[in-house]
Structure formats: C-alpha cells, structure tokens
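One structure is given below, encoded as structure tokens.
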Amino acid sequence: MSEHTKLEHFIGGERVAPKSGEYFASTNPATGETLYEAARGNTADIETAMQAARATFDDPRWRDLTQTRRGHLLRKLGDLIGENAEELARSESRDNGKLLREMRGQLANLPEYYYYYAGLADKIHGDVVPTSDRAVINYTAREPLGVVGAITPWNSPLTLTTSKLAPALCVGNTVVVKPSEYTSATVLRLAELAVEAGFPPGAVNVVTGFGAEAGQALVDHPGLAKISFTGSTATGSRIAAATASRFIGSTLELGGKSPNIVFDDANVANAAMGVVAGIFAAAGQTCIAGSRVFAQRAVYDELLERVTERARSIRIGDPLDDATELGPLAFEAQRDKVASYVDIGRDEGARVLTGGNSSDGGLGGYFYEPTVLVDVDNDMRVVREEIFGPVAAIMPFDSEDEVLRLANDTDYGLAAGVWTSNLSRAHRMASRLEAGTVWVNTYRAMSPMSPRQGFKTSGVGIEHGTETIKEYTRLKSVWINTSEDAVADPFVLRS
Ligand code: NAD
C-alpha cells in the first residue's frame, strides 16, 4: 500500500506524522479500492494537538484579535472554500460515496455558514443589567471557552465540521477536530484552508484516527473545555457520561428515525417526491432521513405506487457521474448493516415491495437497492432502530391523533415531515410532534440561519443560528460598585 498517498495529522499549522508511525487505509466505497492512508492518531498525537490549540488560545495575537477581525478571517475562509469547491466536492464524493452533484450543492452552500458567522462575530455582546442598587453597574460578557473538541461522522464531513468550527472560531475558541476514520481527507484540507485564510496556526487542528483511540483520547483530555459531537446515539451517550462527570459542556447531534407524514389533503405527487428525497437521497445516510413514512388511508395506495415506481427507476452507479441518483453506502460494514436490517424486517413479517438486495453497482462497490417495506408496525426493529440506509417503512393511518401517537412513539426526536394543505392541521402537527425540526410540505431543508436541536435521544444542545453561540461561550457577570459611601453593615448582602 506504500504507493498510496499518506495523509498526516494537521497540528499547529503543519502536517505532522503520527507518533506511532502507523497509518490506516481509507477506501472509495464506489469501487472498494484504497484511496489513501491516514495517520492513526493516539493519545500522544492528541496531546500535541491540544498543546498547539491551547498555545494559540492563550496567544495575544488570537486572544486580543478584535471581533471584527475574527469575522474577516471567517469570511476569507468562506471565500477559499468557494474557490476550492470543485476539488473539495470531488474529494468528499470519492471518500464517502455521496453524489458529486449533491456535494457540489453542499459546497455551493458551505461558504454561507462562514459568512453568517463572519457577520455575527462583532454583534455578540453582553447586557447591562439593572439591579436594585443604582450605584452598581452590572454587566454580562460572553467569553470563549478555550479548546473545543469536535468529533464528526462520515456522512457529511465538511458540512458537519463547519457547523461546529464556524461558531467556535467566531467567538475566539481554538479547535481540535477528530474526523471520522472513514473520511479524513476533506477535513484536513479545510484546516489547511483555515491557515491560508489567516487563522493562526493552532486555531484549527485535525487528528485523524479511530474513535476508540484518537476520539476517546480527545474526550478524556483534561485540557478540553467542551466537546461538540455529531454521530450515533450510542457514542453520544458515552461522551455525555464522560464529559458530565468532569463538568464539561457537550453539544450532541445524534441519530434519528424521523416520521414523514402524508395526509389525504396533501399534494400527493409532491409528497411522494418528499418521501423519496427524505429516504433515498444520500442513500438514506442522513441523520434526518424520513425512514418512517405514514400515509393516510385514502392516499396510501397512490403514495405507495408513486414512491415505489420512483424507487424502481432510481439510477444506481458511480457517484461522480451526473446521471447517477444513488451512490454506494459509505463503507462495506455499513452496506452489510443495511442488508441485515432488511433481513431482520423480512423475519419480522415485513414485505419488500421493491429493492432488498445488495449490489456492487457494476463497479465493485458497496451499494444497496432503494427499498420499500410494507406490512410493518411500530413494534418491529426496522421501524424502531436507525438503519442509516435507503430503506423506507411505509404504514397507513386513519386519524390525526393516531398518526401523532405513532409518530411520537420513538426514542428519537430529530425531525419530522408533514404533507398537508390544511393550515390549521399544519400548525397543530408542528406543535404536537416531538421533534426538534418539523418541515411542512418540504423535507431536508437546512440553513446556517436556522437553529436546530434534537429532542429525546437525538441530542442535546443547539447548532446553527445565533442560538449556538451560547454553546461556545461562557457567561460572566461583572459587578462594579461606583458608590464611595461607607459600607454600613458587612454582614448584610448588597443586592
Ligand atoms: P459514530 O458514533 O460511530 O462515530 C462518530 C464519530 O465518533 C467518529 O469520528 C468516530 O470515530 C467517533 N467515535 C466513535 N467512538 C468514539 C469514542 N468512544 N470516543 C470518541 N469518539 C468516538 O457515528 P457514525 O457512524 O460515524 O455516524 C452516523 C451517525 O451519526 C448516525 O447515527 C447519524 O444519525 C448521526 N448523525 C447525526 C447528525 C445530526 O445532526 N443529528 C448528523 C449526521 C449524522
């Protein structure tokens, strides 16, 4: 494997070889071929990165940079991402199998995140708080936390890293990123672009490697001020326990099993496209996948027919080809996991209307056909557990109350879709669905301006918008007594 490119860590503005000297292979899931080898990070590498990040955090050249100047750096980074969009889109598409045309779309939007936080940087301030003592000036300030750890998954590495990086840098933190072991390349490139944009070396550091090694070492590092994590609920739960016992904050964006609900007063053609977008886009590898589809009895057959027909015509193939509609799963074990869930569904009594087979896409890769399951109910594992693949479970319902009960009968609470032309119903559903994001007559919409949060086991903390700033700052309350009067009684509290 020595002929493959070796990707090293990025620490303190430089490429740094792993202390162990070890690398691991990363595969193109469309072909099964090795793409590159990445540094296998361990505790020693995390220590080096944490030191570099801390030194930069304490460096007056970063610490005392004005908020406006920090905004300029974010804006420049957005520009550089735009200039390098095609290279980044191709690189990520090869790494995780996402369609190149979807990646081009993501890259067209990605600079907006940096521009949004660039604009916000010098509009963040505390308040002057009136207290009952007119001689006292009480003000609050929002301070950066220190070194923030960012741990991200493989399904959208650049976008999901950006959701953490842009606000963390906006308020003056420094960051150590541990990307998924399946997708190291683009996050390393992003860190290089940050230095090119003018961020001080050490503001953005990347240690590649496995979760149980580099990831765990980052979570356990005593110098860490906060962890911002996106990934599975199981890993998030372990991270929450580890950080809580040390009183460190964590933002956790976790799994989902989102309902996509079609009422009989909906535009069924659009709803069917929304169902297809919700579960077959990105081969179902999105946290917000609309994997549980509920169709009201009167439109159940029509919706099923439209979705199944479209699923059958989906073009599977090379994600770099513009005609392709469904690429591979991101790695072999993920494809096998999807296949085993469909087998579990069959054993539980589900009927496979279309799909249900693995394929190599004619390229030697890890593909799975778009799959529609019917004769399913809320007790089945395929309806309760996150599959993270192109597998829709479609169920009929009769009334609004019934579908609310079914939709909310889940451990997750990330997102939900509602398709209806009845405005009152849309508002009622939005209010009663237990999900952090509700889309009505659309699905998978996202913006840096719109805050989002997972309910239940889908997460803790807010990403995007102005709300996320609180996740990356701590509040200080300062009291200044301007009175020169003699202190009357030292045993009575001033207020
Ligand atoms: P994962 O939990 O297996 O891994 C995520 C990251 O955590 C990886 O970088 C991994 O190396 C690291 N990790 C694993 N074990 C660790 C440990 N013990 N300590 C520290 N780090 C560790 O998740 P995944 O399979 O990469 O991603 C898919 C999951 O991510 C799905 O559940 C999906 O729903 C979720 N996701 C959520 C969102 C969201 O915004 N809510 C977005 C995308 C993906």
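Here, A, B, ... name the chains of the structure tokens in the order displayed, residue numbers run from 1 inside each chain, and ligands are numbered from 1 in the same displayed order.
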
Using only C-alpha atoms, tabulate the residues of stretch 311-404 of chain A lying at most 12 Å from any atom of stretch 142-165 of chain A, each with its closest atom pair and that distance in Å to one decimal, by chain and increasing residue number, as a Markdown table.
```
| residue | atom | partner | partner_atom | distance |
| --- | --- | --- | --- | --- |
| A:Pro328 | CA | A:Asn155 | CA | 11.6 |
| A:Leu329 | CA | A:Asn155 | CA | 9.5 |
| A:Ala330 | CA | A:Asn155 | CA | 7.5 |
| A:Phe331 | CA | A:Trp154 | CA | 9.8 |
| A:Gln334 | CA | A:Trp154 | CA | 11.1 |
| A:Phe388 | CA | A:Asn155 | CA | 9.8 |
| A:Gly389 | CA | A:Asn155 | CA | 11.1 |
```

Could you list, as a PyMOL selection string, all the residues within 7 Å of ligand 1, counting only C-alpha atoms and all ligand atoms? chain A and resi 151-156+160+178-181+209-212+215-216+219+230-236+238-239+253-256+286-288+386+388+414+454+458-459

Atoms to include: C-alpha atoms. Write the selected residues as a JSON list (two decimals), in the first residue's frame.
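out09.json written:
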```json
[["chain", "number", "residue", "atom", "x", "y", "z"],
["A", 151, "ILE", "CA", -15.86, 14.87, 16.68],
["A", 152, "THR", "CA", -17.70, 14.27, 13.41],
["A", 153, "PRO", "CA", -19.19, 11.40, 11.37],
["A", 154, "TRP", "CA", -18.65, 10.33, 7.78],
["A", 155, "ASN", "CA", -21.91, 11.20, 6.09],
["A", 156, "SER", "CA", -21.26, 14.94, 5.53],
["A", 160, "LEU", "CA", -20.98, 18.83, 9.91],
["A", 178, "LYS", "CA", -11.26, 14.28, 15.12],
["A", 179, "PRO", "CA", -12.99, 13.40, 11.84],
["A", 180, "SER", "CA", -14.50, 10.00, 11.12],
["A", 181, "GLU", "CA", -11.95, 7.29, 10.31],
["A", 209, "GLY", "CA", -7.83, 8.07, 13.53],
["A", 210, "PHE", "CA", -10.29, 5.73, 15.18],
["A", 211, "GLY", "CA", -12.98, 6.60, 17.67],
["A", 212, "ALA", "CA", -11.76, 4.28, 20.41],
["A", 215, "GLY", "CA", -11.63, 10.11, 19.68],
["A", 216, "GLN", "CA", -11.54, 8.70, 23.19],
["A", 219, "VAL", "CA", -12.76, 13.29, 25.06],
["A", 230, "THR", "CA", -22.16, 14.57, 15.80],
["A", 231, "GLY", "CA", -22.63, 10.85, 15.43],
["A", 232, "SER", "CA", -24.57, 7.90, 16.76],
["A", 233, "THR", "CA", -26.68, 7.99, 19.89],
["A", 234, "ALA", "CA", -24.61, 5.15, 21.39],
["A", 235, "THR", "CA", -21.32, 7.07, 21.09],
["A", 236, "GLY", "CA", -23.02, 10.31, 22.13],
["A", 238, "ARG", "CA", -20.72, 7.58, 26.23],
["A", 239, "ILE", "CA", -19.36, 11.06, 25.53],
["A", 253, "GLU", "CA", -26.21, 15.87, 17.48],
["A", 254, "LEU", "CA", -27.25, 12.24, 17.32],
["A", 255, "GLY", "CA", -29.35, 9.69, 15.46],
["A", 256, "GLY", "CA", -32.90, 9.77, 14.18],
["A", 286, "THR", "CA", -28.56, 11.26, 6.77],
["A", 287, "CYS", "CA", -29.47, 11.74, 10.40],
["A", 288, "ILE", "CA", -32.73, 13.38, 9.27],
["A", 386, "GLU", "CA", -31.90, 3.70, 12.83],
["A", 388, "PHE", "CA", -28.96, 4.69, 8.02],
["A", 414, "LEU", "CA", -34.64, 14.75, 15.42],
["A", 454, "GLY", "CA", -32.53, 17.02, 18.60],
["A", 458, "SER", "CA", -31.45, 12.65, 19.17],
["A", 459, "GLY", "CA", -29.30, 15.11, 21.04]]
```

Listing only residues of stretch 184-230 of chain A within 10 Å of stretch 79-85 of chain A, what is the closest atom pair and its distance in Å (to one decimal) for each, using only C-alpha atoms, sorted by chain and residue number ascending, as a tab-separated table?
```
residue	atom	partner	partner_atom	distance
A:Arg189	CA	A:Ile81	CA	9.7
A:Leu190	CA	A:Ile81	CA	7.8
A:Leu193	CA	A:Leu80	CA	6.7
A:Ala194	CA	A:Leu80	CA	8.5
A:Glu196	CA	A:Leu80	CA	8.2
A:Ala197	CA	A:Leu80	CA	7.2
```

Among the residues of stretch 194-327 of chain A, find those DSSP assigns to alpha helix (DSSP H) from the backbone and print them as a PyMOL selection string. chain A and resi 194-197+216-220+233-244+268-280+297-313

Report as a PyMOL selection string all protein, DNA and RNA residues lying within 8 Å of stretch 391-394 of chain A, evaluated on only C-alpha atoms, omitting residues in the same chain fewer than 2 positions from it. chain A and resi 279-280+284+290-295+304+338+342+370-376+382-383+387+389+396

Can you work out the spacing between atom CA of A:Tyr366 and atom CA of A:Gly327 in Å, to one decimal? 8.8 Å

Skipping near chain neighbours, those fewer than 4 positions away, what residues fall within 8 Å of A:Tyr114 using only C-alpha atoms, listed as JSON, numbers by chain? {"A": [74, 75, 77, 78, 110, 118, 162, 166]}

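The shortest atom-to-atom distance to A:Asp64, with only C-alpha atoms taken into account, belongs to A:Asn173 out of A:Asn173, A:Thr354, A:Thr468, A:Thr31.
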
Using the chain letters and numbers from this document, which residues of stretch 223-421 of chain A does DSSP assign to strand (DSSP E or B), as number ranges by chain? A: 226-230, 249-253, 259-262, 292-296, 316, 326, 351-354, 358-359, 367-368, 371-374, 391-397, 412-413, 415-419

Please produce an output containing N, CA and C atoms for each residue in the selection, written as a short mmCIF file (atom, residue, chain, number, x, y, z; two decimals), in the first residue's frame.
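Dumped everything to result.cif:
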```
data_model
loop_
_atom_site.label_atom_id
_atom_site.label_comp_id
_atom_site.auth_asym_id
_atom_site.auth_seq_id
_atom_site.Cartn_x
_atom_site.Cartn_y
_atom_site.Cartn_z
N LYS A 226 -14.70 21.75 26.04
CA LYS A 226 -16.03 21.34 25.58
C LYS A 226 -15.89 20.32 24.45
N ILE A 227 -16.88 19.46 24.33
CA ILE A 227 -16.94 18.56 23.16
C ILE A 227 -18.19 18.89 22.36
N SER A 228 -18.00 19.03 21.06
CA SER A 228 -19.15 19.14 20.17
C SER A 228 -19.11 17.92 19.27
N PHE A 229 -20.14 17.09 19.38
CA PHE A 229 -20.12 15.78 18.74
C PHE A 229 -21.31 15.60 17.83
N THR A 230 -21.07 15.06 16.66
CA THR A 230 -22.16 14.57 15.80
C THR A 230 -21.86 13.13 15.47
N GLY A 249 -19.06 20.97 29.18
CA GLY A 249 -20.25 21.02 28.34
C GLY A 249 -20.11 20.14 27.11
N SER A 250 -21.24 19.69 26.59
CA SER A 250 -21.21 18.96 25.33
C SER A 250 -22.43 19.34 24.50
N THR A 251 -22.20 19.46 23.19
CA THR A 251 -23.29 19.60 22.25
C THR A 251 -23.34 18.29 21.49
N LEU A 252 -24.49 17.64 21.47
CA LEU A 252 -24.57 16.30 20.89
C LEU A 252 -25.66 16.27 19.82
N GLU A 253 -25.26 16.01 18.60
CA GLU A 253 -26.21 15.87 17.48
C GLU A 253 -26.20 14.40 17.10
N PRO A 259 -40.32 10.57 11.27
CA PRO A 259 -41.56 10.29 10.55
C PRO A 259 -41.78 11.30 9.42
N ASN A 260 -42.29 10.81 8.31
CA ASN A 260 -42.68 11.68 7.19
C ASN A 260 -44.15 11.36 6.93
N ILE A 261 -45.03 12.32 7.22
CA ILE A 261 -46.47 12.04 7.34
C ILE A 261 -47.25 12.68 6.20
N VAL A 262 -48.00 11.87 5.46
CA VAL A 262 -48.74 12.39 4.30
C VAL A 262 -50.24 12.29 4.59
N ARG A 292 -39.53 6.57 8.49
CA ARG A 292 -40.87 6.05 8.80
C ARG A 292 -41.90 6.90 8.06
N VAL A 293 -42.54 6.30 7.08
CA VAL A 293 -43.49 7.06 6.27
C VAL A 293 -44.90 6.63 6.67
N PHE A 294 -45.73 7.63 7.01
CA PHE A 294 -47.12 7.36 7.37
C PHE A 294 -48.01 8.01 6.32
N ALA A 295 -48.89 7.22 5.69
CA ALA A 295 -49.79 7.77 4.66
C ALA A 295 -51.23 7.53 5.09
N GLN A 296 -52.05 8.61 5.00
CA GLN A 296 -53.45 8.47 5.41
C GLN A 296 -54.15 7.51 4.43
N ILE A 316 -28.65 3.66 -10.05
CA ILE A 316 -27.56 3.35 -9.12
C ILE A 316 -26.25 3.39 -9.90
N LEU A 326 -28.26 7.33 -7.03
CA LEU A 326 -27.98 6.67 -5.76
C LEU A 326 -26.57 6.08 -5.79
N ARG A 351 -42.95 -7.00 4.24
CA ARG A 351 -42.92 -7.38 2.83
C ARG A 351 -42.09 -6.35 2.08
N VAL A 352 -41.16 -6.86 1.24
CA VAL A 352 -40.29 -5.97 0.47
C VAL A 352 -40.99 -5.69 -0.86
N LEU A 353 -41.44 -4.44 -1.03
CA LEU A 353 -42.16 -4.10 -2.27
C LEU A 353 -41.21 -3.87 -3.43
N THR A 354 -40.09 -3.28 -3.11
CA THR A 354 -39.05 -3.11 -4.14
C THR A 354 -37.70 -3.04 -3.44
N SER A 358 -28.35 -6.31 -2.04
CA SER A 358 -27.05 -5.64 -2.17
C SER A 358 -26.64 -5.68 -3.63
N SER A 359 -25.72 -4.79 -3.98
CA SER A 359 -25.21 -4.80 -5.35
C SER A 359 -23.81 -4.19 -5.32
N PHE A 367 -23.06 -1.11 -2.66
CA PHE A 367 -24.35 -0.50 -2.93
C PHE A 367 -25.48 -1.31 -2.32
N TYR A 368 -26.63 -0.63 -2.13
CA TYR A 368 -27.84 -1.33 -1.71
C TYR A 368 -29.02 -0.69 -2.41
N THR A 371 -35.13 0.62 -1.15
CA THR A 371 -36.00 -0.45 -0.66
C THR A 371 -37.25 0.12 0.02
N VAL A 372 -38.39 -0.47 -0.31
CA VAL A 372 -39.65 -0.07 0.33
C VAL A 372 -40.20 -1.28 1.08
N LEU A 373 -40.43 -1.10 2.38
CA LEU A 373 -41.01 -2.16 3.21
C LEU A 373 -42.44 -1.79 3.56
N VAL A 374 -43.35 -2.76 3.44
CA VAL A 374 -44.74 -2.56 3.90
C VAL A 374 -45.10 -3.71 4.85
N VAL A 391 -33.80 2.65 3.07
CA VAL A 391 -34.87 1.70 3.41
C VAL A 391 -36.03 2.47 4.05
N ALA A 392 -37.16 2.52 3.33
CA ALA A 392 -38.36 3.21 3.84
C ALA A 392 -39.36 2.18 4.35
N ALA A 393 -39.92 2.44 5.53
CA ALA A 393 -41.02 1.62 6.03
C ALA A 393 -42.29 2.46 5.88
N ILE A 394 -43.25 1.97 5.11
CA ILE A 394 -44.45 2.77 4.81
C ILE A 394 -45.69 2.13 5.47
N MET A 395 -46.40 2.98 6.23
CA MET A 395 -47.54 2.48 7.02
C MET A 395 -48.77 3.35 6.81
N PRO A 396 -49.98 2.74 6.80
CA PRO A 396 -51.20 3.54 6.69
C PRO A 396 -51.67 4.04 8.06
N PHE A 397 -52.45 5.13 8.05
CA PHE A 397 -53.09 5.58 9.30
C PHE A 397 -54.45 6.18 8.96
N TYR A 412 -36.34 8.50 19.37
CA TYR A 412 -35.67 9.63 18.72
C TYR A 412 -36.59 10.84 18.60
N GLY A 413 -36.01 11.99 18.28
CA GLY A 413 -36.82 13.20 18.10
C GLY A 413 -36.06 14.25 17.30
N ALA A 415 -36.27 14.99 13.62
CA ALA A 415 -37.01 15.76 12.61
C ALA A 415 -38.32 15.06 12.28
N ALA A 416 -39.19 15.78 11.58
CA ALA A 416 -40.45 15.20 11.11
C ALA A 416 -40.92 15.98 9.90
N GLY A 417 -41.60 15.29 8.99
CA GLY A 417 -42.19 15.93 7.82
C GLY A 417 -43.70 15.78 7.87
N VAL A 418 -44.40 16.84 7.42
CA VAL A 418 -45.87 16.79 7.36
C VAL A 418 -46.28 17.31 5.99
N TRP A 419 -47.15 16.57 5.32
CA TRP A 419 -47.64 16.98 3.99
C TRP A 419 -49.14 17.18 4.09
#
```

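Minimum atom-to-atom distances from A:Ala203, A:Ala277, A:Val176, A:Ala289 to A:Thr442 were compared using only C-alpha atoms, and the lowest value belongs to A:Ala277.
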
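Using only C-alpha atoms, the smallest distance between any of A:Thr473, A:Asn378, A:Thr43, A:Thr174 and A:Leu218 comes from A:Thr43.
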
What is the atom CA of A:Ser450-atom CA of A:Arg101 distance in Å, reported with one decimal? 23.8 Å

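Atom CA of A:Arg54 sits 25.6 Å away from atom CA of A:Tyr115.
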
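With only C-alpha atoms as the basis for measurement, A:Asn42 is the residue among A:Asn42, A:Ser483, A:Asn109, A:Thr56 that approaches A:Ser20 most closely.
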